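Asker: Before we start, here is the structure in question, set down as structure tokens.
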Amino acid sequence: MNKNIEVLLVEDSAEDAELTIDSLREGGLVNEIKWVKDGQEALDTLFGKEEDSIEKPMVILLDLKLPKISGFEVLEKIRSNEAFKDTPVIILSSSKEYIDINRAYDLGVNSYIVKPVNFENFTESIKQIGVYWVALNRHS
């Protein structure tokens with residue numbers, strides 16, 4: 001059975017995921033969020049290999065350093081699939097490395113955001129992501 005999801009959050013850290021979900025909900029813009037904990041689960045969710053596969057999400061928030069399959073590999077699969085190639089993908093990573101940033105853009109990411117270490121800054125960044133990508137950005 002397919003579910004309509006506004007945000008697919010791909011994050012292996014429970015703490016970061018909880019903070020992200022809480023921040024999006026505080027902004028009042030996101031009703032349906034699906035959290036998956038690794039790259040394989042993200043691909044299974046998007047491409048229908050599990051019972052609760054979802055419709056095309058409005059936006060995908062993707063960590064790079066994931067168990068099983070990396071965020072880069074997930075991004076490659078998303079961009080190579082006709083159904084998801086135009087879905088906005090936002091990297092949320094602790095990596096500030098230019099090689100990671102450049103690779104993400106080469107693979108077609110829409111935005112690359114370095115996770116702020118400070119709690120308030122992290123919360124505010126996530127709220128702004130929600131406002132822009134869910135409320136303001138227009139989708140096809």
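Residues are named by chain letter and number: chains run A, B, ... in the order of the structure tokens, numbers start at 1 in each chain, and ligands are numbered from 1 in the order shown.
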Near region 83-99 of chain A, within 8 Å and counting only C-alpha atoms, which residues show up once chain neighbours fewer than 2 positions away are dropped, as a ChimeraX atom specification?
Answerer: /A:56-65,75,78-81,101-104,109-116,133
Asker: Deliver the residues from the most recent selection as a file, using N, CA, C and O atoms, as a tab-separated table (two decimals), in the first residue's frame.
Answerer:
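Dumped everything to selection_9.tsv:
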```
chain	number	residue	atom	x	y	z
A	56	LYS	N	6.00	9.39	-4.60
A	56	LYS	CA	7.12	10.31	-4.74
A	56	LYS	C	7.04	11.39	-3.65
A	56	LYS	O	6.04	12.10	-3.56
A	57	PRO	N	8.06	11.50	-2.81
A	57	PRO	CA	8.03	12.52	-1.76
A	57	PRO	C	8.24	13.91	-2.35
A	57	PRO	O	8.78	14.06	-3.45
A	58	MET	N	7.82	14.94	-1.61
A	58	MET	CA	8.06	16.31	-2.05
A	58	MET	C	9.54	16.64	-1.99
A	58	MET	O	10.05	17.38	-2.81
A	59	VAL	N	10.23	16.10	-0.99
A	59	VAL	CA	11.66	16.35	-0.80
A	59	VAL	C	12.28	15.18	-0.05
A	59	VAL	O	11.62	14.53	0.76
A	60	ILE	N	13.55	14.92	-0.36
A	60	ILE	CA	14.31	13.89	0.33
A	60	ILE	C	15.46	14.58	1.06
A	60	ILE	O	16.24	15.32	0.45
A	61	LEU	N	15.54	14.36	2.38
A	61	LEU	CA	16.65	14.85	3.18
A	61	LEU	C	17.58	13.66	3.40
A	61	LEU	O	17.19	12.66	3.98
A	62	LEU	N	18.80	13.77	2.91
A	62	LEU	CA	19.70	12.62	2.81
A	62	LEU	C	21.03	12.88	3.49
A	62	LEU	O	21.73	13.83	3.14
A	63	ASP	N	21.37	12.03	4.43
A	63	ASP	CA	22.70	12.04	5.03
A	63	ASP	C	23.65	11.31	4.08
A	63	ASP	O	23.22	10.46	3.31
A	64	LEU	N	24.92	11.63	4.15
A	64	LEU	CA	25.89	10.95	3.27
A	64	LEU	C	26.45	9.69	3.89
A	64	LEU	O	26.62	8.68	3.21
A	65	LYS	N	26.77	9.76	5.16
A	65	LYS	CA	27.45	8.65	5.83
A	65	LYS	C	26.40	7.73	6.43
A	65	LYS	O	25.98	7.92	7.58
A	75	LEU	N	21.82	8.74	-3.83
A	75	LEU	CA	21.61	9.87	-4.73
A	75	LEU	C	21.77	9.45	-6.19
A	75	LEU	O	20.95	9.84	-7.04
A	78	ILE	N	18.65	7.56	-7.24
A	78	ILE	CA	17.51	8.48	-7.38
A	78	ILE	C	17.60	9.22	-8.71
A	78	ILE	O	16.62	9.30	-9.46
A	79	ARG	N	18.76	9.76	-9.00
A	79	ARG	CA	18.92	10.57	-10.22
A	79	ARG	C	18.90	9.74	-11.50
A	79	ARG	O	18.61	10.26	-12.56
A	80	SER	N	19.17	8.46	-11.39
A	80	SER	CA	19.16	7.61	-12.59
A	80	SER	C	17.78	7.01	-12.86
A	80	SER	O	17.58	6.37	-13.89
A	81	ASN	N	16.82	7.25	-11.97
A	81	ASN	CA	15.48	6.71	-12.14
A	81	ASN	C	14.54	7.80	-12.63
A	81	ASN	O	14.42	8.86	-12.01
A	101	ILE	N	31.16	17.83	-1.14
A	101	ILE	CA	30.23	18.84	-1.66
A	101	ILE	C	30.20	18.79	-3.18
A	101	ILE	O	29.13	18.74	-3.80
A	102	ASN	N	31.37	18.79	-3.80
A	102	ASN	CA	31.45	18.76	-5.26
A	102	ASN	C	30.86	17.48	-5.84
A	102	ASN	O	30.15	17.52	-6.85
A	103	ARG	N	31.15	16.36	-5.21
A	103	ARG	CA	30.61	15.08	-5.70
A	103	ARG	C	29.08	15.09	-5.63
A	103	ARG	O	28.40	14.62	-6.54
A	104	ALA	N	28.54	15.61	-4.53
A	104	ALA	CA	27.08	15.66	-4.37
A	104	ALA	C	26.45	16.49	-5.49
A	104	ALA	O	25.45	16.07	-6.10
A	109	VAL	N	22.50	16.71	-6.64
A	109	VAL	CA	21.81	17.18	-5.45
A	109	VAL	C	21.31	18.60	-5.67
A	109	VAL	O	21.90	19.37	-6.43
A	110	ASN	N	20.19	18.94	-5.04
A	110	ASN	CA	19.65	20.29	-5.17
A	110	ASN	C	20.27	21.27	-4.19
A	110	ASN	O	20.34	22.47	-4.47
A	111	SER	N	20.68	20.78	-3.03
A	111	SER	CA	21.27	21.64	-2.02
A	111	SER	C	22.11	20.78	-1.08
A	111	SER	O	21.80	19.62	-0.84
A	112	TYR	N	23.18	21.37	-0.58
A	112	TYR	CA	24.08	20.69	0.35
A	112	TYR	C	24.18	21.55	1.59
A	112	TYR	O	24.63	22.69	1.53
A	113	ILE	N	23.75	21.02	2.72
A	113	ILE	CA	23.75	21.77	3.97
A	113	ILE	C	24.59	21.03	4.99
A	113	ILE	O	24.37	19.84	5.23
A	114	VAL	N	25.54	21.75	5.57
A	114	VAL	CA	26.35	21.17	6.63
A	114	VAL	C	25.56	21.31	7.92
A	114	VAL	O	25.07	22.40	8.25
A	115	LYS	N	25.41	20.20	8.62
A	115	LYS	CA	24.65	20.19	9.87
A	115	LYS	C	25.34	21.10	10.89
A	115	LYS	O	26.50	20.88	11.23
A	116	PRO	N	24.62	22.11	11.36
A	116	PRO	CA	25.21	22.95	12.42
A	116	PRO	C	25.35	22.15	13.71
A	116	PRO	O	24.51	21.32	14.03
A	133	TRP	N	11.41	24.16	0.87
A	133	TRP	CA	11.20	23.00	0.00
A	133	TRP	C	9.78	22.44	0.05
A	133	TRP	O	9.33	21.82	-0.90
```
Asker: When DSSP works through the backbone of this structure, what residues of region 4-117 of chain A end up as strand (DSSP E), shown as a PyMOL selection string?
Answerer: chain A and resi 7-10+33-36+59-62+89-93+111-114
